Every structure is written in C-alpha cells, then in structure tokens.
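Engineer: Pasting my_file31.txt below, which is compact mmCIF, C-alpha atoms (C1' of nucleotides).
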```txt
# COMPACT_ATOMS: atom_id res chain seq x y z
CA MET A 1476 92.46 79.74 78.39
CA GLY A 1477 92.43 82.89 80.51
CA PHE A 1478 93.87 86.33 80.22
CA GLN A 1479 96.95 85.12 82.06
CA GLU A 1480 98.31 83.20 79.07
CA SER A 1481 97.12 85.75 76.53
CA PHE A 1482 98.82 88.73 78.10
CA LYS A 1483 101.94 86.73 78.80
CA ALA A 1484 102.02 85.69 75.15
CA LEU A 1485 101.51 89.29 74.03
CA SER A 1486 104.25 90.61 76.29
CA ASP A 1487 107.05 89.40 74.00
CA PRO A 1488 108.04 91.56 70.99
CA THR A 1489 108.88 88.57 68.77
CA ARG A 1490 105.44 87.13 69.39
CA ARG A 1491 103.71 90.44 68.70
CA GLU A 1492 105.63 90.68 65.44
CA ILE A 1493 104.53 87.15 64.53
CA LEU A 1494 100.91 88.25 64.97
CA ASN A 1495 101.55 91.32 62.83
CA LEU A 1496 103.02 89.18 60.06
CA LEU A 1497 100.03 86.83 60.18
CA ARG A 1498 97.64 89.73 59.57
CA ALA A 1499 98.40 89.37 55.85
CA GLY A 1500 97.50 85.68 55.83
CA PRO A 1501 98.80 82.24 56.81
CA LEU A 1502 102.56 81.65 56.92
CA SER A 1503 104.62 78.55 57.57
CA ALA A 1504 107.12 78.36 60.42
CA GLY A 1505 109.95 78.65 57.89
CA GLU A 1506 108.46 81.74 56.26
CA LEU A 1507 108.04 83.34 59.66
CA LEU A 1508 111.61 82.42 60.58
CA GLU A 1509 113.04 84.55 57.73
CA HIS A 1510 111.84 87.64 59.54
CA PHE A 1511 113.78 86.98 62.73
CA SER A 1512 117.32 86.23 63.80
CA ILE A 1513 116.55 83.46 66.24
CA THR A 1514 116.79 79.69 65.84
CA GLY A 1515 113.95 77.57 64.57
CA ALA A 1516 113.72 76.03 68.02
CA SER A 1517 113.14 79.42 69.63
CA LEU A 1518 110.54 80.34 67.04
CA SER A 1519 108.83 77.02 67.65
CA HIS A 1520 108.58 77.81 71.35
CA HIS A 1521 107.09 81.21 70.61
CA LEU A 1522 104.56 79.62 68.27
CA SER A 1523 103.54 77.10 70.89
CA THR A 1524 103.12 79.90 73.43
CA LEU A 1525 100.87 81.78 71.02
CA LYS A 1526 98.93 78.65 70.25
CA TYR A 1527 98.48 77.80 73.93
CA ALA A 1528 97.14 81.32 74.44
CA GLY A 1529 94.64 80.75 71.63
CA LEU A 1530 96.05 83.60 69.55
CA ILE A 1531 96.98 81.47 66.55
CA ASP A 1532 95.86 78.23 64.92
CA ASP A 1533 98.00 75.80 62.97
CA GLU A 1534 97.27 73.45 60.14
CA LYS A 1535 99.63 70.86 58.75
CA LYS A 1536 99.87 70.80 54.95
CA GLY A 1537 102.31 68.09 53.96
CA LYS A 1538 105.80 69.05 54.97
CA TYR A 1539 104.74 72.49 56.25
CA ILE A 1540 102.73 73.80 59.13
CA PHE A 1541 100.80 76.95 58.40
CA TYR A 1542 99.90 79.39 61.13
CA THR A 1543 96.95 81.75 61.10
CA LEU A 1544 95.75 84.51 63.37
CA ASN A 1545 92.81 83.68 65.63
CA THR A 1546 91.11 86.87 66.79
CA THR A 1547 88.64 85.31 69.24
CA VAL A 1548 90.87 85.87 72.25
CA LEU A 1549 91.70 89.38 71.05
CA ASP A 1550 87.98 90.13 71.14
CA ASP A 1551 87.75 88.92 74.74
CA ILE A 1552 90.68 91.12 75.74
CA LEU A 1553 89.20 94.07 73.88
CA ASN A 1554 85.96 93.66 75.80
CA TRP A 1555 87.77 93.39 79.13
CA MET A 1556 89.73 96.55 78.39
CA MET A 1557 86.68 98.45 77.31
CA SER A 1558 84.92 97.48 80.52
CA LEU A 1559 87.98 98.71 82.45
CA LYS A 1560 87.58 102.03 80.71
CA GLY A 1561 83.94 102.02 81.77
CA THR A 1562 82.81 101.95 78.15
CA GLU A 1563 80.01 99.49 77.42
CA LYS A 1564 80.34 97.23 74.40
CA GLY A 1565 78.32 99.24 71.88
CA GLU A 1566 78.56 102.63 73.54
CA SER A 1567 79.84 105.75 71.80
CA ASP A 1568 82.66 107.86 73.20
CA HIS A 1569 80.70 111.06 72.93
CA GLU A 1570 77.90 110.57 75.42
CA LYS A 1571 77.82 112.57 78.64
CA PRO A 1572 75.91 110.41 81.14
CA MET B 597 106.70 103.29 77.54
CA GLY B 598 106.02 100.58 74.99
CA PHE B 599 103.69 97.63 74.78
CA GLN B 600 106.36 95.46 76.35
CA GLU B 601 105.85 96.90 79.83
CA SER B 602 102.10 97.23 79.45
CA PHE B 603 101.44 93.63 78.50
CA LYS B 604 103.90 92.40 81.09
CA ALA B 605 102.06 94.47 83.70
CA LEU B 606 98.70 93.13 82.53
CA SER B 607 99.88 89.52 82.61
CA ASP B 608 99.62 89.24 86.39
CA PRO B 609 96.21 88.50 87.97
CA THR B 610 96.88 90.60 91.07
CA ARG B 611 97.68 93.59 88.89
CA ARG B 612 94.60 93.09 86.73
CA GLU B 613 92.50 92.96 89.89
CA ILE B 614 94.09 96.19 91.09
CA LEU B 615 93.00 97.86 87.86
CA ASN B 616 89.50 96.45 88.30
CA LEU B 617 89.30 97.86 91.82
CA LEU B 618 90.46 101.26 90.62
CA ARG B 619 87.58 101.45 88.13
CA ALA B 620 85.38 102.67 90.96
CA GLY B 621 87.75 105.49 91.85
CA PRO B 622 91.05 106.24 93.61
CA LEU B 623 92.23 103.94 96.41
CA SER B 624 95.21 104.09 98.74
CA ALA B 625 97.77 101.29 98.90
CA GLY B 626 96.33 100.22 102.23
CA GLU B 627 92.78 100.08 100.91
CA LEU B 628 93.97 98.02 97.96
CA LEU B 629 95.90 95.75 100.30
CA GLU B 630 92.70 94.66 102.10
CA HIS B 631 91.60 92.88 98.92
CA PHE B 632 94.65 90.64 98.68
CA SER B 633 96.57 88.22 100.84
CA ILE B 634 100.05 89.40 100.00
CA THR B 635 102.41 91.62 101.95
CA GLY B 636 102.48 95.39 101.57
CA ALA B 637 105.90 95.07 100.01
CA SER B 638 104.58 92.79 97.28
CA LEU B 639 101.66 95.08 96.61
CA SER B 640 104.06 97.99 96.41
CA HIS B 641 106.06 96.19 93.73
CA HIS B 642 102.91 95.49 91.74
CA LEU B 643 101.93 99.13 91.98
CA SER B 644 105.31 100.27 90.77
CA THR B 645 105.07 97.85 87.83
CA LEU B 646 101.67 99.27 86.91
CA LYS B 647 102.97 102.80 87.27
CA TYR B 648 106.04 102.10 85.15
CA ALA B 649 103.71 100.72 82.47
CA GLY B 650 101.68 103.93 82.60
CA LEU B 651 98.52 102.10 83.65
CA ILE B 652 98.05 103.96 86.93
CA ASP B 653 98.95 107.34 88.42
CA ASP B 654 99.67 108.10 92.03
CA GLU B 655 99.19 111.17 94.15
CA LYS B 656 100.44 111.65 97.65
CA LYS B 657 97.88 113.08 100.07
CA GLY B 658 99.52 113.41 103.47
CA LYS B 659 100.17 110.01 104.95
CA TYR B 660 98.51 108.18 102.06
CA ILE B 661 99.23 107.61 98.41
CA PHE B 662 96.18 107.36 96.22
CA TYR B 663 96.24 105.41 93.01
CA THR B 664 94.05 106.06 89.99
CA LEU B 665 93.50 104.31 86.69
CA ASN B 666 95.13 105.91 83.65
CA THR B 667 93.41 104.73 80.49
CA THR B 668 95.76 106.36 77.96
CA VAL B 669 97.88 103.25 77.54
CA LEU B 670 94.77 101.08 77.38
CA ASP B 671 93.65 103.16 74.41
CA ASP B 672 96.95 102.56 72.65
CA ILE B 673 96.66 98.82 73.23
CA LEU B 674 93.05 98.84 72.07
CA ASN B 675 94.09 100.54 68.83
CA TRP B 676 96.92 98.10 68.27
CA MET B 677 94.60 95.16 68.79
CA MET B 678 91.98 96.56 66.49
CA SER B 679 94.57 97.06 63.79
CA LEU B 680 95.64 93.42 64.29
CA LYS B 681 92.06 92.44 63.67
CA GLY B 682 92.11 94.55 60.52
CA THR B 683 89.46 96.84 61.92
CA GLU B 684 90.10 100.56 61.42
CA LYS B 685 89.68 102.89 64.37
CA GLY B 686 86.12 104.12 63.75
CA GLU B 687 84.94 101.28 61.57
CA SER B 688 81.80 99.28 62.28
CA ASP B 689 81.81 95.52 62.58
CA HIS B 690 79.03 95.08 60.06
CA GLU B 691 80.54 96.31 56.84
CA LYS B 692 81.36 93.87 54.07
CA PRO B 693 84.25 95.41 52.12
C1' DA C 871 115.51 52.77 50.97
C1' DT C 872 118.24 56.90 51.75
C1' DA C 873 118.92 61.58 51.95
C1' DT C 874 116.98 66.14 52.46
C1' DT C 875 113.91 69.49 54.30
C1' DA C 876 110.61 71.38 57.88
C1' DT C 877 109.55 71.57 62.36
C1' DT C 878 109.37 70.15 67.18
C1' DT C 879 111.19 68.28 71.55
C1' DA C 880 114.85 67.68 75.16
C1' DG C 881 118.02 69.46 78.13
C1' DA C 882 120.89 73.22 79.79
C1' DT C 883 122.03 77.98 81.05
C1' DA C 884 121.23 82.83 81.88
C1' DA C 885 117.96 86.39 82.81
C1' DT C 886 113.68 87.93 84.82
C1' DT C 887 109.91 87.87 88.05
C1' DT C 888 107.31 87.06 92.35
C1' DT C 889 107.33 86.91 96.86
C1' DC C 890 109.02 87.20 101.39
C1' DT C 891 111.29 89.48 105.77
C1' DA C 892 113.64 93.30 107.50
C1' DA C 893 114.86 97.96 107.33
C1' DA C 894 114.19 102.79 105.72
C1' DT C 895 111.43 107.00 104.87
C1' DA C 896 107.72 110.11 105.49
C1' DT C 897 103.71 111.85 107.82
C1' DC C 898 100.63 112.45 111.52
C1' DT C 899 99.27 112.60 116.52
C1' DA C 900 99.75 112.77 121.51
C1' DT D 1308 109.89 115.07 120.51
C1' DA D 1309 108.46 110.27 120.62
C1' DG D 1310 105.50 106.87 118.92
C1' DA D 1311 102.39 105.06 115.57
C1' DT D 1312 100.91 104.44 110.81
C1' DA D 1313 101.48 104.12 105.61
C1' DT D 1314 104.28 102.95 102.15
C1' DT D 1315 108.63 101.94 99.80
C1' DT D 1316 113.29 100.00 99.27
C1' DA D 1317 116.90 96.37 99.95
C1' DG D 1318 118.28 91.87 99.68
C1' DA D 1319 117.48 87.00 99.06
C1' DA D 1320 115.13 82.57 97.67
C1' DA D 1321 112.09 80.10 94.48
C1' DA D 1322 109.73 79.92 90.13
C1' DT D 1323 109.37 81.12 85.32
C1' DT D 1324 111.02 82.35 80.78
C1' DA D 1325 113.95 82.92 76.56
C1' DT D 1326 117.40 81.19 74.22
C1' DC D 1327 120.73 78.02 72.58
C1' DT D 1328 122.65 73.32 70.68
C1' DA D 1329 121.69 68.72 69.70
C1' DA D 1330 118.57 65.14 68.78
C1' DA D 1331 113.97 63.41 67.30
C1' DT D 1332 109.96 63.13 64.15
C1' DA D 1333 107.59 63.55 59.87
C1' DA D 1334 107.12 64.25 54.94
C1' DT D 1335 109.09 64.58 50.37
C1' DA D 1336 112.27 63.56 46.68
C1' DT D 1337 115.84 60.88 44.46
```
Starting from the file, lay out its structure as structure tokens.

Structural biologist:
Amino acid sequence: MGFQESFKALSDPTRREILNLLRAGPLSAGELLEHFSITGASLSHHLSTLKYAGLIDDEKKGKYIFYTLNTTVLDDILNWMMSLKGTEKGESDHEKP
Amino acid sequence: MGFQESFKALSDPTRREILNLLRAGPLSAGELLEHFSITGASLSHHLSTLKYAGLIDDEKKGKYIFYTLNTTVLDDILNWMMSLKGTEKGESDHEKP
DNA sequence: ATATTATTTAGATAATTTTCTAAATATCTA
DNA sequence: TAGATATTTAGAAAATTATCTAAATAATAT
C-alpha cells in the first residue's frame, strides 16, 4: 500500500468523516450509515476504499462488521509530510540551524 | 481551501514528486519538466492543481515562473491527522494517560 | 425451514481527472 | 520588429470515481 491509495482515500469528505467517527471507537457499517445520507452500497464502497488504503480494519462479529481506525498509515504520511517540511522526526520547531 | 483540494492534489505521484523537488528550493516550470516525461501542458496542469490547493506559490521572474513549496497547508493537514490519532498538538508520544 | 436484518457485490450512469496536441500569451534577444 | 523561448489555455479522448438500484450472501430469530 503506497501513498497513492492513502491520499486518494483521504480526498473524499465522507471518508474523512468516517475516520473522524471511528476516533471514538469501533462502529458497525449500520451505525456509520446513520450519520450519512447515502445508500448502504455507497458506504460499503467507501469502507472498502479505506480498508484498501490501510486506514481502517474490520472484524466480523456475528451479523455485524465492526470497523476500527488503523493509524499505521497515518504515521507514514505524517513522517513523509514532516520530511517535506524539512523537519526531522524528533526535531523541535524552535532550533535555528 | 479545504482538505478536499489538498488531499486530491497529494494523491498524484507526479505532484508529490514536484513537492519533493521543491524541498531544495525554487524551480522554474522548465527545470521541473526535466525530471518528468510528460508534456509541458500536463506539468502546467499539475502545477495549477498544487497552487489551487495552496501547496505551492509561484513568482514570475521575467521569462520564467518560479515555484516554491508552501508548508502552511501541510501544517493544517498534520494537525488534522494528529487529532485523528488522538494526539494533541504539543503532546509527546510517551505519555500514558 | 422461512423470514428478517446487515452488509457486500454487480452493473449502469454521470462526473471528474489525466493526458495529449495545438494554439495563445508573454518575455527576451538579435 | 521579428524570431525564439517559457509557460499557460483550449479542446478532446481515455481512464477513474461516486453514486444509484437491484441482487447476492451471511447470520439471526421465529
């Protein structure tokens, strides 16, 4: 999984809102659906995009599938962005090199 | 400019490479073009996408237009991602709350 | 076993994006 | 002024994406 899929996944507002909702803890597809006015099929596509990008995990519990945030990819993106800014991983903002 | 445009801009590998190249300092469109095998027109579109997203600035100097990295939007994205991770702005990774 | 509920998959359409070639604009130089 | 160079804009074709409805799969409940 590269940045390609991650950024593409993050570029949709519905998907970003899904991630926001998952901050509080795992939610099923149906619980997520209540927060949007799209069909279950559309939500399912968004979830599979997020999963393909590595941004969420899913776990089947009986009739439901619960989705959780996976922050591993976010960390990779954070590091890439910090290196773009020229800031090393542990470096403070206040140094004058 | 919202996250929409920024993430969309970042989702293309050519555009991410442009940002990487600009880390070292300003470059003209022509100088950037040498690093890719696309037409000038395509590059120009990528540059306008990056500019619209607020990720680069441009400055005309005579015959040339020089592009520079603008890290303001990157900071906003970094903050959003850190809040997704549940990490406050100045907070260390090592605390156990 | 049948019906109900939760979710995904298939297939279609409309909108967006990437890229190209060709033409336009702006600046410099001879 | 005419020609060359740097870059953008216009217009079109091909690929990708978001969304929908309808159908399929899987699990639970009666």

Engineer: Tell me which of D:DA1309, D:DA1331, D:DA1320, D:DA1325 sits closest to chain A, counting all atoms listed in the file.

Structural biologist: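 Under the stated criterion, the closest residue is D:DA1325.
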
Engineer: Write down, as a PyMOL selection string, each residue of chain C that has any atom within 10 Å of an atom of chain A, counting all atoms listed in the file.

Structural biologist: chain C and resi 875-879

Engineer: Rank B:Glu613, B:Glu601, B:Asp653, B:Glu627 by their smallest atom-to-atom distance to chain D, using all atoms listed in the file, and report the top residue only.

Structural biologist: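 Selected residue with least distance to chain D: B:Glu627.
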
Engineer: If chain A is superposed onto chain B by least squares using every Cα atom in order, what is the RMSD, in Å to one decimal?

Structural biologist: 0.1 Å

Engineer: Counting all atoms listed in the file, which residues of chain D sit at most 10 Å from some atom of chain B, and what is each one's closest atom pair with its distance in Å to one decimal, listed by chain and rising residue number, as a Markdown table?

Structural biologist:
```
| residue | atom | partner | partner_atom | distance |
| --- | --- | --- | --- | --- |
| D:DT1312 | C1' | B:Lys659 | CA | 8.1 |
| D:DA1313 | C1' | B:Lys659 | CA | 6.1 |
| D:DT1314 | C1' | B:Ala625 | CA | 7.5 |
| D:DT1315 | C1' | B:Ser640 | CA | 6.9 |
| D:DT1316 | C1' | B:Ala637 | CA | 8.9 |
```
